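So this one's input_28.txt, compact mmCIF, C-alpha atoms:
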```txt
# COMPACT_ATOMS: atom_id res chain seq x y z
CA MET N 1 90.73 -17.21 133.23
CA SER N 2 94.26 -17.81 131.88
CA ASP N 3 95.52 -21.23 130.81
CA LEU N 4 97.01 -21.74 134.26
CA GLY N 5 94.26 -19.93 136.12
CA TRP N 6 92.80 -23.22 137.27
CA ILE N 7 95.96 -23.90 139.29
CA ASP N 8 95.53 -20.71 141.29
CA GLN N 9 91.87 -21.56 141.80
CA ALA N 10 92.67 -25.07 143.03
CA ILE N 11 95.39 -23.85 145.40
CA THR N 12 93.16 -21.10 146.79
CA ALA N 13 90.37 -23.56 147.47
CA ALA N 14 92.72 -26.10 149.07
CA ARG N 15 94.69 -23.70 151.24
CA PRO N 16 92.56 -23.62 154.42
CA ARG N 17 92.30 -27.39 154.67
CA ALA N 18 95.96 -27.96 153.75
CA VAL N 19 97.49 -25.39 156.09
CA ALA N 20 95.23 -26.51 158.92
CA ALA N 21 96.24 -30.16 158.48
CA LEU N 22 99.92 -29.24 158.24
CA LEU N 23 99.72 -27.17 161.42
CA ARG N 24 98.27 -30.16 163.25
CA TYR N 25 101.06 -32.27 161.79
CA PHE N 26 104.06 -30.02 162.46
CA ARG N 27 102.63 -28.01 165.39
CA ASP N 28 104.45 -24.93 164.13
CA LEU N 29 102.71 -22.18 162.14
CA ASP N 30 105.78 -21.00 160.24
CA VAL N 31 106.81 -24.53 159.28
CA ALA N 32 103.27 -25.30 158.10
CA GLU N 33 103.18 -22.17 155.92
CA GLU N 34 106.65 -22.78 154.48
CA ALA N 35 105.81 -26.40 153.68
CA PHE N 36 102.58 -25.35 151.96
CA GLN N 37 104.41 -22.74 149.86
CA GLU N 38 106.92 -25.40 148.79
CA ALA N 39 104.05 -27.66 147.76
CA CYS N 40 102.50 -24.82 145.75
CA LEU N 41 105.76 -24.28 143.87
CA ARG N 42 105.89 -27.97 143.02
CA ALA N 43 102.27 -27.83 141.87
CA LEU N 44 103.12 -24.98 139.49
CA LYS N 45 105.90 -27.14 138.02
CA THR N 46 104.06 -30.46 137.70
CA TRP N 47 100.34 -29.78 137.30
CA PRO N 48 100.61 -28.06 133.87
CA GLN N 49 102.17 -31.25 132.45
CA ASN N 50 100.33 -33.89 134.49
CA GLY N 51 96.98 -32.18 134.91
CA PRO N 52 95.11 -31.58 138.16
CA PRO N 53 95.20 -34.28 140.84
CA ARG N 54 91.97 -35.93 141.85
CA ASP N 55 92.11 -34.23 145.26
CA ALA N 56 94.21 -31.05 145.14
CA ALA N 57 94.16 -30.53 148.91
CA ALA N 58 95.33 -34.08 149.63
CA TRP N 59 98.12 -33.74 147.03
CA LEU N 60 99.31 -30.46 148.53
CA ILE N 61 99.16 -31.84 152.08
CA MET N 62 101.24 -34.90 151.21
CA VAL N 63 103.84 -33.00 149.19
CA ALA N 64 104.05 -30.29 151.87
CA ARG N 65 104.43 -32.88 154.60
CA ASN N 66 107.34 -34.51 152.78
CA ALA N 67 108.93 -31.12 152.13
CA GLY N 68 108.56 -30.18 155.77
CA ILE N 69 110.10 -33.45 156.92
CA ASP N 70 113.03 -32.98 154.53
CA GLY N 71 113.54 -29.49 155.93
CA ALA N 72 113.45 -30.80 159.49
CA ARG N 73 116.04 -33.44 158.64
CA ARG N 74 118.34 -30.84 157.11
CA ARG N 75 118.04 -28.68 160.20
CA ALA N 76 118.62 -31.69 162.44
CA LYS N 77 122.03 -32.29 160.85
CA THR N 78 123.27 -29.03 162.33
CA GLN N 79 122.02 -29.82 165.83
CA GLU N 80 123.66 -31.84 168.57
CA LEU N 81 122.66 -35.48 168.96
CA PRO N 82 120.09 -36.21 171.68
CA ASP N 83 121.00 -38.30 174.70
CA GLU N 84 121.44 -42.08 174.49
CA ALA N 85 117.96 -42.85 175.79
CA ALA N 86 116.35 -40.99 172.93
CA ILE N 87 118.67 -42.55 170.35
CA SER N 88 117.90 -46.03 171.68
CA ASP N 89 114.14 -45.58 171.23
CA LEU N 90 113.22 -47.96 168.42
CA ASP N 91 109.76 -46.46 167.81
CA ASP N 92 109.21 -44.76 164.46
CA ALA N 93 109.10 -41.06 165.36
CA GLU N 94 107.36 -40.18 162.10
CA GLU N 95 104.62 -42.76 162.51
CA GLY N 96 102.84 -40.78 165.19
CA MET N 97 102.99 -37.61 163.11
CA ALA N 98 101.62 -39.47 160.10
CA ASP N 99 98.73 -40.74 162.21
CA ARG N 100 97.98 -37.19 163.29
CA LEU N 101 97.72 -36.16 159.65
CA ASP N 102 96.27 -39.18 157.87
CA GLY N 103 93.88 -40.20 160.63
CA GLY N 104 92.73 -36.70 161.43
CA HIS N 105 89.24 -35.33 161.05
CA TYR N 106 89.67 -32.62 158.42
CA ARG N 107 86.33 -31.10 159.33
CA ASP N 108 87.82 -29.85 162.60
CA ASP N 109 91.23 -28.86 161.25
CA ILE N 110 90.24 -25.43 159.98
CA LEU N 111 88.50 -24.53 163.22
CA ARG N 112 91.57 -25.65 165.14
CA LEU N 113 93.72 -23.40 162.95
CA LEU N 114 91.31 -20.51 163.47
CA PHE N 115 91.42 -20.87 167.23
CA ILE N 116 95.22 -20.87 167.21
CA CYS N 117 95.33 -17.77 164.99
CA CYS N 118 92.78 -16.16 167.31
CA HIS N 119 94.98 -16.67 170.36
CA PRO N 120 93.62 -14.65 173.31
CA GLU N 121 96.95 -12.86 173.84
CA LEU N 122 96.62 -11.21 170.42
CA PRO N 123 94.62 -7.99 170.00
CA ALA N 124 91.39 -8.68 168.14
CA ILE N 125 92.49 -6.94 164.94
CA GLN N 126 95.71 -9.00 164.85
CA GLN N 127 93.72 -12.19 165.39
CA VAL N 128 91.50 -11.47 162.42
CA ALA N 129 94.34 -10.25 160.19
CA LEU N 130 96.49 -13.29 160.96
CA ALA N 131 93.64 -15.69 160.27
CA LEU N 132 92.87 -13.98 156.97
CA ARG N 133 96.49 -14.22 155.93
CA VAL N 134 97.21 -17.76 157.11
CA VAL N 135 93.87 -19.51 156.64
CA SER N 136 92.55 -17.80 153.54
CA GLY N 137 95.81 -16.73 151.94
CA LEU N 138 94.61 -13.17 151.33
CA SER N 139 97.38 -10.77 150.41
CA VAL N 140 98.47 -8.08 152.82
CA ARG N 141 97.03 -5.54 150.39
CA GLN N 142 93.61 -7.19 150.45
CA ILE N 143 93.56 -7.36 154.23
CA ALA N 144 94.71 -3.75 154.55
CA ARG N 145 91.88 -2.68 152.25
CA ALA N 146 89.36 -4.54 154.42
CA PHE N 147 90.60 -2.67 157.51
CA VAL N 148 91.11 0.65 155.66
CA VAL N 149 94.77 0.92 156.75
CA SER N 150 98.07 1.09 154.88
CA GLU N 151 99.80 -2.06 153.66
CA ALA N 152 102.85 -1.26 155.80
CA ALA N 153 100.73 -1.01 158.95
CA MET N 154 98.97 -4.29 158.21
CA GLU N 155 102.27 -6.05 157.45
CA GLN N 156 103.55 -4.98 160.86
CA ARG N 157 100.42 -6.25 162.59
CA ILE N 158 100.64 -9.65 160.94
CA THR N 159 104.36 -9.96 161.70
CA ARG N 160 103.79 -9.08 165.35
CA ALA N 161 100.92 -11.56 165.57
CA LYS N 162 103.06 -14.36 164.16
CA GLY N 163 105.80 -13.48 166.62
CA ARG N 164 103.42 -13.72 169.56
CA ILE N 165 102.07 -17.06 168.37
CA ALA N 166 105.63 -18.40 168.01
CA GLU N 167 106.50 -17.20 171.52
CA ALA N 168 103.36 -18.77 172.95
CA ASN N 169 104.26 -21.99 171.14
CA ARG N 170 107.73 -22.02 172.73
CA LYS N 171 106.15 -21.55 176.14
CA GLY N 172 103.75 -24.42 175.50
CA GLU N 173 100.75 -22.09 175.60
CA VAL N 174 99.40 -23.06 172.17
CA ARG N 175 97.08 -26.02 172.17
CA PHE N 176 96.85 -28.16 169.06
CA GLU N 177 93.68 -29.87 170.17
CA ALA N 178 90.26 -28.25 169.74
CA PRO N 179 89.76 -25.81 172.65
CA GLY N 180 87.29 -26.55 175.41
CA ALA N 181 83.88 -24.92 175.75
CA ILE N 182 85.06 -21.93 177.81
CA GLU N 183 88.01 -21.15 175.56
CA ARG N 184 85.86 -21.52 172.44
CA ALA N 185 83.36 -19.01 173.79
CA GLU N 186 86.12 -16.51 174.55
CA ARG N 187 87.45 -16.64 170.99
CA LEU N 188 84.11 -16.86 169.22
CA ALA N 189 83.79 -13.16 168.38
CA ALA N 190 87.19 -13.01 166.68
CA VAL N 191 86.56 -16.22 164.73
CA ALA N 192 83.15 -14.99 163.60
CA ALA N 193 84.64 -11.67 162.47
CA MET N 194 87.32 -13.51 160.50
CA ALA N 195 84.76 -15.73 158.78
CA TYR N 196 82.67 -12.71 157.80
CA LEU N 197 85.65 -10.79 156.41
CA VAL N 198 86.64 -13.85 154.37
CA PHE N 199 83.09 -13.92 153.00
CA ASN N 200 83.16 -10.22 152.23
CA GLU N 201 86.41 -10.50 150.30
CA GLY N 202 84.78 -13.03 148.01
CA TYR N 203 81.41 -11.28 147.82
CA SER N 204 82.87 -7.91 146.85
CA ALA N 205 84.62 -9.25 143.74
CA PRO N 206 83.84 -6.76 140.95
CA ASP N 207 84.41 -9.36 138.24
CA PRO N 208 81.75 -12.09 137.87
CA LEU N 209 84.46 -14.60 136.93
CA GLU N 210 86.18 -13.83 140.23
CA ALA N 211 82.89 -14.08 142.08
CA GLU N 212 82.35 -17.58 140.68
CA GLY N 213 86.01 -18.58 140.82
CA PRO N 214 88.78 -18.25 143.40
CA ARG N 215 87.18 -15.40 145.31
CA GLY N 216 83.79 -17.02 145.13
CA VAL N 217 85.38 -19.99 146.86
CA LEU N 218 85.95 -17.65 149.80
CA CYS N 219 82.21 -17.14 150.13
CA ASP N 220 81.63 -20.88 150.08
CA GLU N 221 84.44 -21.43 152.59
CA ALA N 222 83.12 -18.73 154.93
CA ILE N 223 79.64 -20.28 154.83
CA ARG N 224 81.16 -23.69 155.53
CA LEU N 225 83.00 -22.21 158.51
CA GLY N 226 79.73 -20.72 159.70
CA ARG N 227 78.07 -24.12 159.53
CA LEU N 228 80.98 -25.68 161.42
CA LEU N 229 80.69 -23.00 164.08
CA LEU N 230 77.01 -23.83 164.36
CA ARG N 231 77.94 -27.41 165.18
CA LEU N 232 80.13 -26.17 168.02
CA PHE N 233 77.66 -23.49 169.16
CA PRO N 234 74.21 -24.82 168.16
CA ALA N 235 72.38 -22.48 170.54
CA GLU N 236 74.31 -19.25 169.80
CA PRO N 237 71.98 -16.80 167.98
CA GLU N 238 74.83 -14.64 166.69
CA ILE N 239 76.39 -17.60 164.87
CA MET N 240 72.98 -18.40 163.41
CA GLY N 241 72.73 -14.76 162.34
CA LEU N 242 76.22 -14.75 160.83
CA THR N 243 75.59 -17.89 158.81
CA ALA N 244 72.16 -16.67 157.71
CA LEU N 245 73.60 -13.33 156.62
CA MET N 246 76.22 -14.99 154.44
CA LEU N 247 73.68 -17.40 152.94
CA LEU N 248 71.20 -14.65 152.08
CA GLN N 249 73.86 -12.47 150.48
CA HIS N 250 75.48 -15.28 148.51
CA ALA N 251 72.08 -16.46 147.27
CA ARG N 252 71.96 -13.40 144.98
CA LEU N 253 75.11 -14.31 143.04
CA PRO N 254 73.34 -15.67 139.92
CA ALA N 255 71.55 -12.34 139.45
CA ARG N 256 74.29 -9.90 140.47
CA PHE N 257 75.97 -9.60 137.04
CA ASP N 258 74.58 -9.19 133.54
CA ALA N 259 75.76 -10.87 130.33
CA ASP N 260 78.48 -8.20 129.90
CA GLY N 261 79.81 -8.73 133.42
CA GLN N 262 78.35 -5.48 134.75
CA THR N 263 76.95 -5.32 138.27
CA VAL N 264 73.16 -5.48 138.45
CA LEU N 265 71.81 -3.53 141.41
CA LEU N 266 69.24 -5.14 143.65
CA GLU N 267 66.29 -3.20 142.27
CA LYS N 268 66.94 -4.60 138.78
CA GLN N 269 67.86 -8.17 139.70
CA ASP N 270 65.82 -11.16 138.53
CA ARG N 271 64.67 -12.50 141.88
CA ALA N 272 63.68 -15.78 140.30
CA ALA N 273 67.40 -16.40 139.70
CA TRP N 274 68.26 -16.17 143.39
CA ASN N 275 69.25 -19.41 145.08
CA GLY N 276 66.03 -20.44 146.82
CA THR N 277 67.69 -23.22 148.81
CA MET N 278 70.19 -20.83 150.37
CA ILE N 279 67.45 -18.30 151.11
CA ALA N 280 65.29 -20.92 152.79
CA GLU N 281 68.22 -22.06 154.96
CA GLY N 282 69.04 -18.49 155.92
CA LEU N 283 65.46 -17.58 156.78
CA ALA N 284 65.08 -20.73 158.89
CA LEU N 285 68.22 -19.82 160.86
CA ILE N 286 66.91 -16.31 161.48
CA ASP N 287 63.57 -17.59 162.70
CA LYS N 288 65.37 -19.98 165.05
CA ALA N 289 67.75 -17.29 166.31
CA MET N 290 64.95 -14.80 167.00
CA ARG N 291 63.42 -17.21 169.52
CA HIS N 292 66.43 -16.65 171.79
CA ARG N 293 65.57 -12.93 172.06
CA ARG N 294 69.27 -11.96 172.17
CA PRO N 295 69.85 -9.91 169.00
CA GLY N 296 73.42 -9.07 168.06
CA PRO N 297 74.98 -7.19 165.11
CA TYR N 298 75.12 -10.21 162.80
CA LEU N 299 71.55 -11.24 163.53
CA VAL N 300 70.26 -7.69 162.92
CA GLN N 301 72.12 -7.50 159.60
CA ALA N 302 70.68 -10.88 158.67
CA ALA N 303 67.20 -9.61 159.49
CA ILE N 304 67.76 -6.70 157.11
CA ALA N 305 68.90 -9.08 154.37
CA ALA N 306 65.84 -11.23 155.08
CA LEU N 307 63.50 -8.30 154.42
CA HIS N 308 65.04 -7.93 150.97
CA ALA N 309 64.86 -11.68 150.38
CA ARG N 310 61.21 -11.89 151.41
CA ALA N 311 60.08 -8.90 149.34
CA PRO N 312 58.47 -10.14 146.11
CA SER N 313 59.77 -7.04 144.29
CA TRP N 314 61.83 -3.91 144.87
CA GLU N 315 58.69 -1.82 145.18
CA ASP N 316 57.41 -4.07 147.99
CA THR N 317 60.52 -3.64 150.17
CA ASP N 318 59.67 -2.65 153.75
CA TRP N 319 61.97 0.37 154.09
CA VAL N 320 60.34 1.46 157.36
CA GLU N 321 61.32 -1.80 159.04
CA ILE N 322 64.78 -1.70 157.43
CA GLU N 323 65.45 1.74 158.88
CA ALA N 324 64.21 0.57 162.27
CA LEU N 325 66.65 -2.34 162.16
CA TYR N 326 69.49 -0.01 161.25
CA ALA N 327 68.58 2.06 164.29
CA VAL N 328 68.96 -1.07 166.41
CA LEU N 329 72.29 -1.79 164.71
CA GLU N 330 73.48 1.73 165.52
CA ARG N 331 72.97 0.98 169.21
CA LEU N 332 74.58 -2.45 169.08
CA ALA N 333 77.55 -1.58 166.84
CA PRO N 334 77.89 2.20 166.40
CA SER N 335 79.65 3.04 163.15
CA PRO N 336 79.52 5.82 160.55
CA ILE N 337 78.93 3.12 157.91
CA VAL N 338 75.84 1.93 159.76
CA THR N 339 74.54 5.50 159.94
CA LEU N 340 75.18 5.90 156.21
CA ASN N 341 73.17 2.76 155.57
CA ARG N 342 70.35 3.96 157.78
CA ALA N 343 70.27 7.25 155.87
CA ALA N 344 69.87 5.35 152.59
CA ALA N 345 66.79 3.64 154.01
CA ALA N 346 65.52 6.90 155.52
CA MET N 347 65.70 8.54 152.12
CA LYS N 348 63.09 6.05 150.91
CA THR N 349 60.67 6.88 153.70
CA ARG N 350 61.45 10.45 154.79
CA GLY N 351 63.06 12.07 151.79
CA ALA N 352 66.47 13.28 150.65
CA ALA N 353 66.63 16.31 152.95
CA GLU N 354 66.44 14.27 156.16
CA ALA N 355 68.82 11.66 154.77
CA LEU N 356 71.35 14.36 153.88
CA GLU N 357 71.02 15.82 157.38
CA MET N 358 71.86 12.39 158.81
CA ILE N 359 75.06 11.91 156.80
CA GLU N 360 76.56 15.42 156.90
CA PRO N 361 78.12 14.86 160.37
CA LEU N 362 79.94 11.84 158.90
CA ALA N 363 81.94 13.93 156.42
CA GLU N 364 85.21 13.96 158.34
CA ARG N 365 85.19 10.28 159.34
CA LEU N 366 84.16 9.09 155.86
CA ALA N 367 86.25 11.55 153.84
CA GLY N 368 88.04 8.71 152.09
CA TYR N 369 85.00 6.47 151.55
CA PHE N 370 83.67 6.19 148.00
CA ASN N 371 80.07 5.36 148.96
CA PHE N 372 79.75 8.40 151.23
CA HIS N 373 80.52 10.86 148.45
CA GLY N 374 78.47 8.94 145.91
CA MET N 375 75.42 8.90 148.16
CA ARG N 376 75.90 12.53 149.17
CA GLY N 377 76.07 13.54 145.53
CA ALA N 378 72.89 11.62 144.72
CA LEU N 379 71.04 13.25 147.62
CA LEU N 380 72.24 16.71 146.62
CA LEU N 381 71.14 16.06 143.05
CA GLU N 382 67.70 15.00 144.28
CA LEU N 383 67.47 18.31 146.16
CA GLY N 384 68.45 20.32 143.07
CA ARG N 385 71.86 21.40 144.45
CA ARG N 386 73.62 20.56 141.22
CA GLY N 387 76.95 22.33 141.81
CA GLU N 388 77.48 20.64 145.15
CA ALA N 389 76.39 17.32 143.66
CA ARG N 390 79.02 17.62 140.93
CA GLU N 391 81.73 18.26 143.53
CA ALA N 392 80.64 15.19 145.51
CA PHE N 393 80.59 13.00 142.40
CA ASP N 394 84.07 14.22 141.40
CA ARG N 395 85.32 13.23 144.83
CA ALA N 396 83.65 9.84 144.53
CA ILE N 397 85.34 9.15 141.17
CA ALA N 398 88.72 9.94 142.72
CA LEU N 399 88.03 7.33 145.42
CA ALA N 400 86.52 4.63 143.18
CA ASN N 401 87.93 1.17 143.89
CA THR N 402 86.86 -0.42 140.60
CA PRO N 403 86.20 0.70 137.01
CA ALA N 404 82.52 -0.18 137.52
CA GLU N 405 82.24 2.26 140.44
CA ALA N 406 83.91 5.01 138.43
CA ALA N 407 81.67 4.31 135.42
CA TYR N 408 78.54 4.59 137.52
CA ILE N 409 79.58 7.97 138.93
CA ARG N 410 80.39 9.21 135.43
CA GLU N 411 76.84 8.26 134.52
CA ARG N 412 75.62 10.44 137.38
CA LEU N 413 77.79 13.31 136.16
CA ASP N 414 76.38 12.90 132.64
CA ALA N 415 72.92 13.13 134.15
CA LEU N 416 73.75 16.63 135.36
CA THR N 417 73.75 17.82 131.76
CA ASP N 418 70.49 16.09 130.85
CA GLY N 419 68.16 18.37 132.73
CA ALA N 420 67.44 18.83 136.43
CA GLU N 421 64.12 16.99 136.44
CA ARG N 422 65.44 13.91 134.70
CA SER N 423 68.47 13.90 137.01
CA ARG N 424 66.29 14.08 140.11
CA ARG N 425 64.12 11.19 138.92
CA LYS N 426 67.15 8.99 138.27
CA ALA N 427 68.81 9.94 141.54
CA ARG N 428 65.67 9.12 143.51
CA ALA N 429 65.42 5.73 141.85
CA ARG N 430 69.06 4.79 142.34
CA VAL N 431 70.31 6.37 145.58
CA GLY N 432 69.27 3.50 147.83
CA PRO N 433 70.84 0.50 146.11
CA SER N 434 73.87 2.33 144.78
CA PHE N 435 75.07 3.85 148.01
CA GLY N 436 73.28 2.00 150.78
CA PRO N 437 75.28 -1.04 151.91
CA ALA N 438 73.17 -3.06 154.33
CA SER N 439 76.00 -4.44 156.45
CA LEU N 440 79.16 -3.33 158.17
CA ALA N 441 81.46 -4.66 155.49
CA HIS N 442 79.84 -4.77 152.07
CA ASP N 443 77.14 -3.48 149.79
CA ALA N 444 74.20 -5.78 150.49
CA LEU N 445 72.11 -4.08 147.84
CA LYS N 446 74.06 -5.71 145.02
```
Whole structure given in structure tokens:
Amino acid sequence: MSDLGWIDQAITAARPRAVAALLRYFRDLDVAEEAFQEACLRALKTWPQNGPPRDAAAWLIMVARNAGIDGARRRAKTQELPDEAAISDLDDAEEGMADRLDGGHYRDDILRLLFICCHPELPAIQQVALALRVVSGLSVRQIARAFVVSEAAMEQRITRAKGRIAEANRKGEVRFEAPGAIERAERLAAVAAMAYLVFNEGYSAPDPLEAEGPRGVLCDEAIRLGRLLLRLFPAEPEIMGLTALMLLQHARLPARFDADGQTVLLEKQDRAAWNGTMIAEGLALIDKAMRHRRPGPYLVQAAIAALHARAPSWEDTDWVEIEALYAVLERLAPSPIVTLNRAAAAMKTRGAAEALEMIEPLAERLAGYFNFHGMRGALLLELGRRGEAREAFDRAIALANTPAEAAYIRERLDALTDGAERSRRKARARVGPSFGPASLAHDALK
């Protein structure tokens, strides 16, 4: 981390709470964002000399509030005076706004912000993209990567979403109080998807310092949002499943990187280093959710993660049950990524030939997906089709998102020159965890 890296970390961690509080204060999304950005600029100027404040979020909220008020006063100078009745009102107009901020319950602020971003008039993908941008402060590039679209397309979606929210605000259709039970239920799916994508952005950090730092904060924040959602929906099994899934995945963080910062795949991880408290909480939530007998995509993914968490070792993993759960997930949330994951599990129980047969129809839809070509190459290598395996690995390297991914594929290519038998043994041992993500959004085998 650079000398000023701690400032970025503090701002990233404080952003959801600060923007949410400012939205409740100003009741305008653009004003809240602009005020927060002004506060961030002031933090960059003053914190290096004065050091970090005791509560970074509170500091940013107060500075942003003052900046927003100053901006409102400047704009007011260019507007016509209100009528005499309004001018004669001796009440302090700012006092009520200060009460809304200083006397607010910050625990509910982020959920309130989420529900406003997930306005029902917005298409689901715009709801999630807007929440990721506004609440979590992810860049357009990061969000575009999560949705596998171009940056320009994602920028347009976010701009349109903000425009619709502003229009709804002008019409008085945006509520700044926590929505009622019916409205909460209608927006729950979009809010849950946003929380999970926030988690995934933090979880997928290739650098262990990022995983423990600013991006790791995203995992913690997503889990906190899951727990808050559980308070609002204590009997909703999908929210239990979502929170359990995030807990079980994040519990592996201490064992996911070695001393050199390289990713340690699940089969090689020291399971004693996993966070037992998180695992216990996640397993308890799954057990509770299963009693409702209403499985959804998040709960099924959590059940898959639970099988890995409960296995005392890699060799004891119940791959038969994992494949069966992926089959259920295929019915609940059909996706080529889910089928790819199921094939990785099938390879463990039914061999490389059947797994390859399962993924070949996915070639067109996953042509630009690194894990597809990496897994296909490993399966081809296991079957002795070395020329085809090399082509698949070359394609995977071209699509690698990180140096670690490219390095691993180069290792597979080097194996091609070390003898067919040795290559097949290594491919068989590594194909599952390397190219078998156990969820819709990230590699759960890391």
Inset, instruction - Considering all atoms listed in the file, return as a list in words whatever protein or nucleic-acid residues lie within 12 Å of Arg231 of chain N, sequence-local ones (same chain, fewer than 5 positions apart) excluded. - result: Arg107, Asp108, Leu111, Arg224, Leu225, Gly226, Glu236, Ile239, Met240 and Thr243 of chain N
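One finds atom CA of Ala153 of chain N at 10.4 Å from atom CA of Arg141 of chain N.
Using only C-alpha atoms, the shortest contact distance between Thr317 of chain N and any of N:Lys268, N:Arg410, N:Lys348, N:Arg54 is found at N:Lys348.
Atom pair atom CA of Ala353 of chain N / atom CA of Glu382 of chain N: separated by 8.8 Å.
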Legend entry - For atom CA of Val198 of chain N and atom CA of Pro48 of chain N, the interatomic separation in Å (one decimal):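 Distance between the two atoms: 28.6 Å.
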Inset, instruction - Neighbourhood query: residues within 10 Å of (76.9, 8.4, 148.3), file coordinates, counting only C-alpha atoms; return as a list in words. - result: Leu340, Asn341, Ala344, Leu356, Ile359, Tyr369, Phe370, Asn371, Phe372, His373, Gly374, Met375, Arg376, Gly377, Ala378, Leu379, Leu380, Ala392, Phe393, Ala396, Ile409, Val431, Gly432, Ser434, Phe435 and Gly436 of chain N
Inset, instruction - Please provide the set of residues having any atom within 8 Å of segment 157-163 of chain N, restricted to all atoms listed in the file, with same-chain residues fewer than 3 positions apart removed, written as a list in words. - result: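 The residues that qualify are Leu122, Gln126, Gln127, Ala129, Leu130, Arg133, Ala153, Met154, Ala166 and Glu167 of chain N.
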